[in-house]
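Peer 1: Have a look at this one.
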Amino acid sequence: MKRMVYGFLGFLGVLLGIALIVPFFLNLNDYKPQIQAEAKKAIGRDVLIDGNLSLSFLPSPQLTLHKVRIVNIAGGAPQDFLKLKQLRIAVSLLPLLKKHVKVKSLELDQPEIFLEKLKSGQTNWTFPTLSTPSVPSSPSAPSSPNFEVDFEKVKITNGSLIYLANGQEVKVQNINTYATMASLKGPYSLEGTLSAYDREIKMKGDFGTSTDPEHVILKIQVDEAVSTFEGKLSLSLLTFKGSLKAEANPRMFKGLSSKDKESPFFTEMIRVNADVVANVNELSLNDAKFDIGSAHPIGNVKVLLKNGLNVEGALKNLPGQTQGTFTLAPSGQGLKGTIKATVPQGKELLKWLRVETESIPPEMLSGLTLSTGYTVGDTINLKGLTLMVGGAKLQGDASWQSQKNGHMMVIDLETPRIENILKLLGSKDPKPLGATKLKGKVQVGATSLHLTSLKGHLGKNLSFEGNIAIDHKRTKPHVQATLVVNSISLDTLLASRMTHNSPFSDGKIFLVGAKQKEAHSGPRWSHTPLDFSLLHKFDGQFDITSSQLTQKDIVVTHPKLVAKIQNGRLEAAWQKWWGIWQVLLILLQKTALLMGLTFMPLANGWVTSKIYNLFWGF
């Protein structure tokens with residue numbers, strides 16, 4: 001970077017020399033090849049002037065160059081390192097008599113700078129050893145090269161900078177800056193604006209003082225976030241050591257909250273204080289102290305620049321004793337990275353986030369660990385998600401997208417032991433069911449929840465697919481579900497029912513009906529009745545179809561179970577076309593006495609079997 005600055009100053013030195021010694025009545029375009037050759041000697045890189053050159057002396061000497069280019073290094077992707085639509089230099093005339101080159105203005109119109117790091121590690125902003133620029137011999141040339149130079153004004157209009165490294169591209173556009181410098185040694189001042197990552201950035205800085213040339217104060221504002229850096233900047237080492245004070249108005253993050261009502265979490269200013277160490281390869285925030293509402297996390301954050309822009313951080317002291325690490329980097333869609341966190345007290349964290357926890361079982365709010373990769377853009381994607389809490393484990397992929405009428409999630413999740421999740425949901429001593437997987441889409445609206453394209457399996461022997469819709473418009477939720485399950489074997493069910501210990505390691509779930517519990521003297525599939533108080537909390541209908549129902553050599557294809565829940569009452573019925581009712585009767589006769597079912601053929605072509613009292617059995 002230092003050589004890049006010196007190289008550009010050497011290039012300007014050639015131009016100043018030309019402006020001072022070439023008579024105004026000559027056509028400067030005739031000297032273009034010589035000017036380009038001298039500029040190349042100064043910086044060691046081809047310099048091309050594709051446009052015209054003009055020189056004027058009134059009201060002060062001014063040199064203007066059109067369409068200037070500095071060629072890129074061999075192997076670079078862009079053709080040019082620097083392109084200028086126009087470069088204009090104006091100097092004061094009288095100070096020249098005292099060997100003082102006072103640049104009244106240096107204006108760069110639409111400069112485009114391409115910074116590139118090749119796979120070999122070579123950078124295009126490193127120039128060869130600079131030579132002292134020579135000037136054409138002329139009687140009017142100054143006898144001594146020891147001229148004092150200072151700049152009254154340096155102006156950049158509509159500039160842009162593109163950084164290329166390891167396939168990543170960082171763009172800085174709309175650069176409009178105004179700078180002054182007392183001399184080449186400083187002090188300097190800078191003020192301007194630019195845009196990056198679809199954000200406008202305002203800058204204002206003072207570099208050096210009369211007593212301390214390395215002292216720097218730089219203020220940067222992005223939207224409603226303001227950062228102030230103060231410390232020592234060494235140009236010889238290109239390093240900065242100092243402090244950072246920053247604050248942000250949370251209203252700038254309102255896009256992350258509800259569109260109808262802003263979350264109360266986004267109400268207080270966010271502040272950070274940190275020690276800063278920076279060089280050309282990285283910027284480190286050490287012992288950073290944050291104020292985020294009522295939380296005061298601490299940690300370290302590092303911004304790596306050597307191989308593109310990458311951020312690494314470690315934070316602790318978050319609510320709920322939460323601590324973790326994260327990474328962040330720009331991507332073509334927005335941002336990407338990883339998150340790893342442990343949350344010993346999830347209730348405290350959710351309380352800080354203003355998330356209601358009354359309906360969440362306490363077991364789900366303690367001892368939580370999370371790790372995932374993510375990308376953030378129009379859609380938030382979680383890849384390789386692993387969530388562990390209370391002995392339960394959930395892993396897979398998920399995505400979230402905000403839509404006009406709500407939110408859309410796509411899930412592909414699995415757990416090695418679904419019974420551990422059932423425990424967290426309040427189930428008492430669930431039997432082993434085995435691995436469970438679920439894929440599908442979840443669409444959340446203001447008054448509805450739709451689960452579509454569902455597909456998964458429960459244990460080793462039950463697979464399913466279908467759709468579920470939950471409507472919240474009524475006095476209590478209404479559930480409409482249509483599911484298709486795989487083949488059901490009554491031989492398997494009866495064998496499991498008659499055997500004290502099920503031969504299947506992943507377990508089974510059965511329903512048993514009886515008119516009265518006391519009258520059921522035979523062996524049961526369950527020892528205690530199931531608590532059905534949950535049925536009072538919602539209404540709905542469940543249509544469950546199986547590919548086939550079998551017992552030995554009897555096969556019933558596509559039987560259908562219709563279960564209706566209304567006002568706390570559950571009614572379930574098997575349905576099948578009249579043509580196979582005899583088969584169903586045979587099956588029901590074999591299990592009627594044991595299961596306590598009543599059944600009757602109906603004139604409308606259906607066979608119905610109604611379950612009066614239900615028990616949960618394994």
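Residues in the structure tokens are named by chain (A, B, ... in the order shown) and by number from 1 within that chain; ligands are numbered from 1 in the order shown.
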Determine, counting only C-alpha atoms, which protein, DNA and RNA residues have an atom within 10 Å of an atom of Leu350 in chain A; residues of the same chain fewer than 4 positions away are not included. Present the result as an MDAnalysis selection string.

Peer 2: chainID A and resid 319:320 345:346 354:357 365

Peer 1: Could those selected residues go to a file with N, CA and C atoms, as an mmCIF file, in the first residue's frame?

Peer 2:
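Writing the result to again03.cif gives the following:
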```
data_model
loop_
_atom_site.group_PDB
_atom_site.id
_atom_site.type_symbol
_atom_site.label_atom_id
_atom_site.label_comp_id
_atom_site.auth_asym_id
_atom_site.auth_seq_id
_atom_site.Cartn_x
_atom_site.Cartn_y
_atom_site.Cartn_z
ATOM 1 N N PRO A 319 -27.235 -12.960 28.023
ATOM 2 C CA PRO A 319 -28.279 -13.438 28.940
ATOM 3 C C PRO A 319 -28.398 -14.958 28.921
ATOM 4 N N GLY A 320 -28.714 -15.524 30.101
ATOM 5 C CA GLY A 320 -28.808 -16.972 30.218
ATOM 6 C C GLY A 320 -27.462 -17.649 30.249
ATOM 7 N N GLN A 345 -29.231 -21.399 30.338
ATOM 8 C CA GLN A 345 -30.535 -20.941 30.821
ATOM 9 C C GLN A 345 -31.289 -20.272 29.669
ATOM 10 N N GLY A 346 -31.944 -21.102 28.863
ATOM 11 C CA GLY A 346 -32.624 -20.595 27.677
ATOM 12 C C GLY A 346 -33.762 -19.644 27.989
ATOM 13 N N ARG A 354 -37.433 -11.056 24.269
ATOM 14 C CA ARG A 354 -38.873 -10.768 24.325
ATOM 15 C C ARG A 354 -39.692 -11.855 23.633
ATOM 16 N N VAL A 355 -39.301 -13.122 23.853
ATOM 17 C CA VAL A 355 -40.038 -14.258 23.306
ATOM 18 C C VAL A 355 -40.834 -14.901 24.438
ATOM 19 N N GLU A 356 -42.123 -15.130 24.219
ATOM 20 C CA GLU A 356 -42.989 -15.731 25.227
ATOM 21 C C GLU A 356 -42.557 -17.174 25.496
ATOM 22 N N THR A 357 -42.414 -17.536 26.797
ATOM 23 C CA THR A 357 -41.923 -18.869 27.153
ATOM 24 C C THR A 357 -42.926 -19.669 27.985
ATOM 25 N N LEU A 365 -35.729 -25.536 27.847
ATOM 26 C CA LEU A 365 -35.101 -24.230 28.022
ATOM 27 C C LEU A 365 -33.836 -24.291 28.869
#
```

Peer 1: With only C-alpha atoms as the counted atoms, please give the residues lying no more than 9 Å from range 544-552 of chain A, apart from itself and same-chain residues fewer than 2 positions off, as a PDB file with N, CA and C atoms, in the first residue's frame.

Peer 2:
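Generated file (result-v3.pdb):
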```pdb
ATOM      1  N   ALA A 481     -55.890 -32.579   8.477  1.00  0.00           N
ATOM      2  CA  ALA A 481     -54.699 -33.337   8.087  1.00  0.00           C
ATOM      3  C   ALA A 481     -55.066 -34.456   7.133  1.00  0.00           C
ATOM      4  N   THR A 482     -54.261 -34.622   6.105  1.00  0.00           N
ATOM      5  CA  THR A 482     -54.394 -35.733   5.160  1.00  0.00           C
ATOM      6  C   THR A 482     -53.042 -36.418   5.067  1.00  0.00           C
ATOM      7  N   LEU A 483     -52.983 -37.669   5.503  1.00  0.00           N
ATOM      8  CA  LEU A 483     -51.714 -38.386   5.561  1.00  0.00           C
ATOM      9  C   LEU A 483     -51.833 -39.743   4.876  1.00  0.00           C
ATOM     10  N   VAL A 484     -50.747 -40.172   4.282  1.00  0.00           N
ATOM     11  CA  VAL A 484     -50.648 -41.510   3.691  1.00  0.00           C
ATOM     12  C   VAL A 484     -49.498 -42.226   4.384  1.00  0.00           C
ATOM     13  N   VAL A 485     -49.792 -43.421   4.944  1.00  0.00           N
ATOM     14  CA  VAL A 485     -48.757 -44.184   5.629  1.00  0.00           C
ATOM     15  C   VAL A 485     -48.485 -45.462   4.839  1.00  0.00           C
ATOM     16  N   ASN A 486     -47.403 -46.131   5.199  1.00  0.00           N
ATOM     17  CA  ASN A 486     -47.046 -47.348   4.487  1.00  0.00           C
ATOM     18  C   ASN A 486     -47.915 -48.518   4.933  1.00  0.00           C
ATOM     19  N   SER A 487     -47.602 -49.706   4.488  1.00  0.00           N
ATOM     20  CA  SER A 487     -48.399 -50.909   4.773  1.00  0.00           C
ATOM     21  C   SER A 487     -48.501 -51.174   6.274  1.00  0.00           C
ATOM     22  N   ILE A 488     -49.710 -51.605   6.732  1.00  0.00           N
ATOM     23  CA  ILE A 488     -49.954 -51.950   8.126  1.00  0.00           C
ATOM     24  C   ILE A 488     -50.204 -53.453   8.224  1.00  0.00           C
ATOM     25  N   SER A 489     -49.468 -54.135   9.070  1.00  0.00           N
ATOM     26  CA  SER A 489     -49.609 -55.585   9.244  1.00  0.00           C
ATOM     27  C   SER A 489     -50.280 -55.864  10.588  1.00  0.00           C
ATOM     28  N   LEU A 490     -51.492 -56.443  10.538  1.00  0.00           N
ATOM     29  CA  LEU A 490     -52.168 -56.829  11.776  1.00  0.00           C
ATOM     30  C   LEU A 490     -51.435 -57.968  12.479  1.00  0.00           C
ATOM     31  N   ASP A 491     -50.769 -58.835  11.738  1.00  0.00           N
ATOM     32  CA  ASP A 491     -49.982 -59.890  12.373  1.00  0.00           C
ATOM     33  C   ASP A 491     -48.915 -59.289  13.277  1.00  0.00           C
ATOM     34  N   THR A 492     -48.270 -58.230  12.787  1.00  0.00           N
ATOM     35  CA  THR A 492     -47.257 -57.566  13.596  1.00  0.00           C
ATOM     36  C   THR A 492     -47.882 -56.928  14.829  1.00  0.00           C
ATOM     37  N   PHE A 542     -58.809 -35.827  10.661  1.00  0.00           N
ATOM     38  CA  PHE A 542     -57.602 -36.484  10.185  1.00  0.00           C
ATOM     39  C   PHE A 542     -57.991 -37.610   9.240  1.00  0.00           C
ATOM     40  N   ILE A 554     -54.614 -62.368   3.861  1.00  0.00           N
ATOM     41  CA  ILE A 554     -55.668 -61.408   3.548  1.00  0.00           C
ATOM     42  C   ILE A 554     -55.041 -60.028   3.369  1.00  0.00           C
ATOM     43  N   VAL A 555     -55.355 -59.378   2.264  1.00  0.00           N
ATOM     44  CA  VAL A 555     -54.797 -58.062   1.959  1.00  0.00           C
ATOM     45  C   VAL A 555     -55.935 -57.104   1.620  1.00  0.00           C
ATOM     46  N   VAL A 556     -56.008 -56.001   2.348  1.00  0.00           N
ATOM     47  CA  VAL A 556     -56.972 -54.939   2.049  1.00  0.00           C
ATOM     48  C   VAL A 556     -56.185 -53.736   1.538  1.00  0.00           C
ATOM     49  N   THR A 557     -56.482 -53.352   0.317  1.00  0.00           N
ATOM     50  CA  THR A 557     -55.723 -52.246  -0.270  1.00  0.00           C
ATOM     51  C   THR A 557     -56.379 -50.905   0.029  1.00  0.00           C
ATOM     52  N   HIS A 558     -55.546 -49.964   0.332  1.00  0.00           N
ATOM     53  CA  HIS A 558     -55.929 -48.570   0.534  1.00  0.00           C
ATOM     54  C   HIS A 558     -57.065 -48.365   1.541  1.00  0.00           C
ATOM     55  N   PRO A 559     -56.988 -48.973   2.722  1.00  0.00           N
ATOM     56  CA  PRO A 559     -57.982 -48.651   3.755  1.00  0.00           C
ATOM     57  C   PRO A 559     -57.776 -47.224   4.247  1.00  0.00           C
ATOM     58  N   LYS A 560     -58.838 -46.642   4.770  1.00  0.00           N
ATOM     59  CA  LYS A 560     -58.781 -45.235   5.178  1.00  0.00           C
ATOM     60  C   LYS A 560     -59.375 -45.076   6.570  1.00  0.00           C
ATOM     61  N   LEU A 561     -58.655 -44.383   7.455  1.00  0.00           N
ATOM     62  CA  LEU A 561     -59.136 -44.063   8.784  1.00  0.00           C
ATOM     63  C   LEU A 561     -59.481 -42.590   8.830  1.00  0.00           C
ATOM     64  N   VAL A 562     -60.725 -42.292   9.211  1.00  0.00           N
ATOM     65  CA  VAL A 562     -61.163 -40.914   9.356  1.00  0.00           C
ATOM     66  C   VAL A 562     -61.406 -40.657  10.832  1.00  0.00           C
ATOM     67  N   ALA A 563     -60.652 -39.736  11.414  1.00  0.00           N
ATOM     68  CA  ALA A 563     -60.800 -39.384  12.826  1.00  0.00           C
ATOM     69  C   ALA A 563     -61.249 -37.934  12.919  1.00  0.00           C
ATOM     70  N   LEU A 587     -61.614 -59.629   9.586  1.00  0.00           N
ATOM     71  CA  LEU A 587     -60.539 -59.083  10.413  1.00  0.00           C
ATOM     72  C   LEU A 587     -61.069 -58.569  11.744  1.00  0.00           C
TER      73      LEU A 587
END
```

Peer 1: For His100 in chain A, which residue out of A:Gln541, A:Thr379, A:Gln401, A:Ser183 is the nearest one, using only C-alpha atoms?

Peer 2: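 Of A:Gln541, A:Thr379, A:Gln401, A:Ser183, the one nearest His100 in chain A is A:Ser183, counting only C-alpha atoms.
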
Peer 1: Pick out the residues sitting within 6 Å of Ile468 in chain A, and hand them over as a PyMOL selection string; count only C-alpha atoms, and ignore anything fewer than 5 positions along from it in its own chain.

Peer 2: chain A and resi 450-451+480-481

Peer 1: Please write the residues from the selection above to a file, keeping N, CA and C atoms, as a tab-separated table (two decimals), in the first residue's frame.

Peer 2:
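Below is the file that was written, out00.tsv:
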```
chain	number	residue	atom	x	y	z
A	450	HIS	N	-49.62	-23.82	7.64
A	450	HIS	CA	-49.76	-24.88	6.65
A	450	HIS	C	-48.45	-25.67	6.55
A	451	LEU	N	-48.55	-26.98	6.71
A	451	LEU	CA	-47.42	-27.88	6.51
A	451	LEU	C	-47.71	-28.68	5.26
A	480	GLN	N	-56.72	-29.70	10.03
A	480	GLN	CA	-57.15	-30.54	8.90
A	480	GLN	C	-55.90	-31.25	8.37
A	481	ALA	N	-55.89	-32.58	8.48
A	481	ALA	CA	-54.70	-33.34	8.09
A	481	ALA	C	-55.07	-34.46	7.13
```

Peer 1: May I ask for the distance between CA of Lys102 in chain A and CA of Leu28 in chain A, given in Å to one decimal place?

Peer 2: 22.2 Å

Peer 1: Which is closest to Leu94 in chain A among A:Ser463, A:Ser60, A:Ser284, A:Ser448, if we use only C-alpha atoms?

Peer 2: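 Using only C-alpha atoms, Leu94 in chain A sits closest to A:Ser60.
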
Peer 1: Near Ser402 in chain A, counting only C-alpha atoms, which residues have an atom at most 9 Å away, once you skip same-chain residues fewer than 6 positions from it, shown as an NGL selection string?

Peer 2: :A and (378-379 or 408-409)

Peer 1: Restricting the output to N, CA and C atoms, write the selected residues as an mmCIF file, in the first residue's frame.

Peer 2:
```
data_model
loop_
_atom_site.group_PDB
_atom_site.id
_atom_site.type_symbol
_atom_site.label_atom_id
_atom_site.label_comp_id
_atom_site.auth_asym_id
_atom_site.auth_seq_id
_atom_site.Cartn_x
_atom_site.Cartn_y
_atom_site.Cartn_z
ATOM 1 N N ASP A 378 -31.984 -12.782 0.874
ATOM 2 C CA ASP A 378 -33.445 -12.780 0.805
ATOM 3 C C ASP A 378 -34.023 -13.936 1.610
ATOM 4 N N THR A 379 -33.240 -15.017 1.740
ATOM 5 C CA THR A 379 -33.625 -16.184 2.527
ATOM 6 C C THR A 379 -32.540 -16.481 3.544
ATOM 7 N N MET A 408 -42.233 -18.330 5.279
ATOM 8 C CA MET A 408 -42.120 -19.678 4.714
ATOM 9 C C MET A 408 -40.841 -20.334 5.237
ATOM 10 N N MET A 409 -40.989 -21.541 5.773
ATOM 11 C CA MET A 409 -39.836 -22.329 6.211
ATOM 12 C C MET A 409 -39.809 -23.643 5.441
#
```

Peer 1: Could you tell me how far CA of Val444 in chain A lies from CA of Asn381 in chain A, in Å and to one decimal?

Peer 2: 16.8 Å

Peer 1: Could you pull out the alpha helix (DSSP H) residues of range 337-510 of chain A, going by DSSP on the backbone, and write them as a list of chain:residue names?

Peer 2: A:Gly346, A:Lys347, A:Glu348, A:Leu349, A:Leu350, A:Lys351, A:Trp352, A:Ile418, A:Glu419, A:Asn420, A:Ile421, A:Leu422, A:Lys423, A:Leu424, A:Leu490, A:Asp491, A:Thr492, A:Leu493, A:Leu494, A:Ala495, A:Ser496, A:Arg497, A:Met498

Peer 1: Limited to C-alpha atoms, could you put the picked residues into a file as a CSV table (one decimal), in the first residue's frame?

Peer 2:
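out13.csv, written as the output of this step:
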```
chain,number,residue,atom,x,y,z
A,346,GLY,CA,-32.6,-20.6,27.7
A,347,LYS,CA,-35.5,-18.9,29.5
A,348,GLU,CA,-33.4,-15.9,30.4
A,349,LEU,CA,-32.1,-15.6,26.8
A,350,LEU,CA,-35.6,-15.8,25.3
A,351,LYS,CA,-36.9,-13.3,28.0
A,352,TRP,CA,-34.2,-10.9,26.8
A,418,ILE,CA,-37.8,-39.3,18.8
A,419,GLU,CA,-38.8,-40.4,22.3
A,420,ASN,CA,-36.4,-37.9,23.8
A,421,ILE,CA,-38.2,-35.1,22.0
A,422,LEU,CA,-41.5,-36.5,23.2
A,423,LYS,CA,-40.2,-36.3,26.8
A,424,LEU,CA,-39.5,-32.6,26.3
A,490,LEU,CA,-52.2,-56.8,11.8
A,491,ASP,CA,-50.0,-59.9,12.4
A,492,THR,CA,-47.3,-57.6,13.6
A,493,LEU,CA,-49.7,-55.6,15.7
A,494,LEU,CA,-51.3,-58.7,17.3
A,495,ALA,CA,-47.9,-60.3,17.9
A,496,SER,CA,-46.7,-57.2,19.7
A,497,ARG,CA,-49.9,-57.0,21.7
A,498,MET,CA,-49.7,-60.7,22.9
```

Peer 1: If we count only C-alpha atoms and set the cut-off at 9 Å, which residues sit around Gly324 in chain A, ignoring sequence neighbours fewer than 3 positions away in its own chain? Please answer as an MDAnalysis selection string.

Peer 2: chainID A and resid 313:316 339:343

Peer 1: Give me the residues within 6 Å of Thr415 in chain A as a JSON list (two decimals) with N, CA, C and O atoms, in the first residue's frame, counting only C-alpha atoms and dropping any in the same chain fewer than 3 places off.

Peer 2:
```
[["chain", "number", "residue", "atom", "x", "y", "z"],
["A", 393, "LYS", "N", -31.82, -34.62, 20.46],
["A", 393, "LYS", "CA", -30.96, -34.11, 19.40],
["A", 393, "LYS", "C", -31.75, -33.96, 18.12],
["A", 393, "LYS", "O", -32.47, -34.87, 17.71],
["A", 394, "LEU", "N", -31.60, -32.79, 17.50],
["A", 394, "LEU", "CA", -32.25, -32.50, 16.22],
["A", 394, "LEU", "C", -31.20, -31.99, 15.27],
["A", 394, "LEU", "O", -30.40, -31.10, 15.63],
["A", 418, "ILE", "N", -36.70, -40.14, 18.75],
["A", 418, "ILE", "CA", -37.85, -39.25, 18.84],
["A", 418, "ILE", "C", -38.44, -39.25, 20.25],
["A", 418, "ILE", "O", -39.05, -38.27, 20.69],
["A", 435, "ALA", "N", -35.33, -43.71, 15.24],
["A", 435, "ALA", "CA", -35.00, -42.51, 14.47],
["A", 435, "ALA", "C", -36.22, -41.99, 13.71],
["A", 435, "ALA", "O", -37.04, -42.77, 13.22],
["A", 436, "THR", "N", -36.34, -40.69, 13.63],
["A", 436, "THR", "CA", -37.45, -40.05, 12.94],
["A", 436, "THR", "C", -36.93, -38.94, 12.05],
["A", 436, "THR", "O", -36.00, -38.22, 12.43]]
```

Peer 1: Provide the CA of Lys431 in chain A to CA of Thr452 in chain A distance in Å, to one decimal place.

Peer 2: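 Value for the CA of Lys431 in chain A-CA of Thr452 in chain A distance: 28.4 Å.
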
Peer 1: Can you work out which one of A:Pro361, A:Pro477, A:Pro59, A:Gly159 has the shortest atom-to-atom distance to Ser195 in chain A, counting only C-alpha atoms?

Peer 2: A:Gly159

Peer 1: For Pro330 in chain A, which of A:Gly167, A:Gly396, A:Pro362, A:Gly390 is the closest residue, counting only C-alpha atoms?

Peer 2: A:Gly167
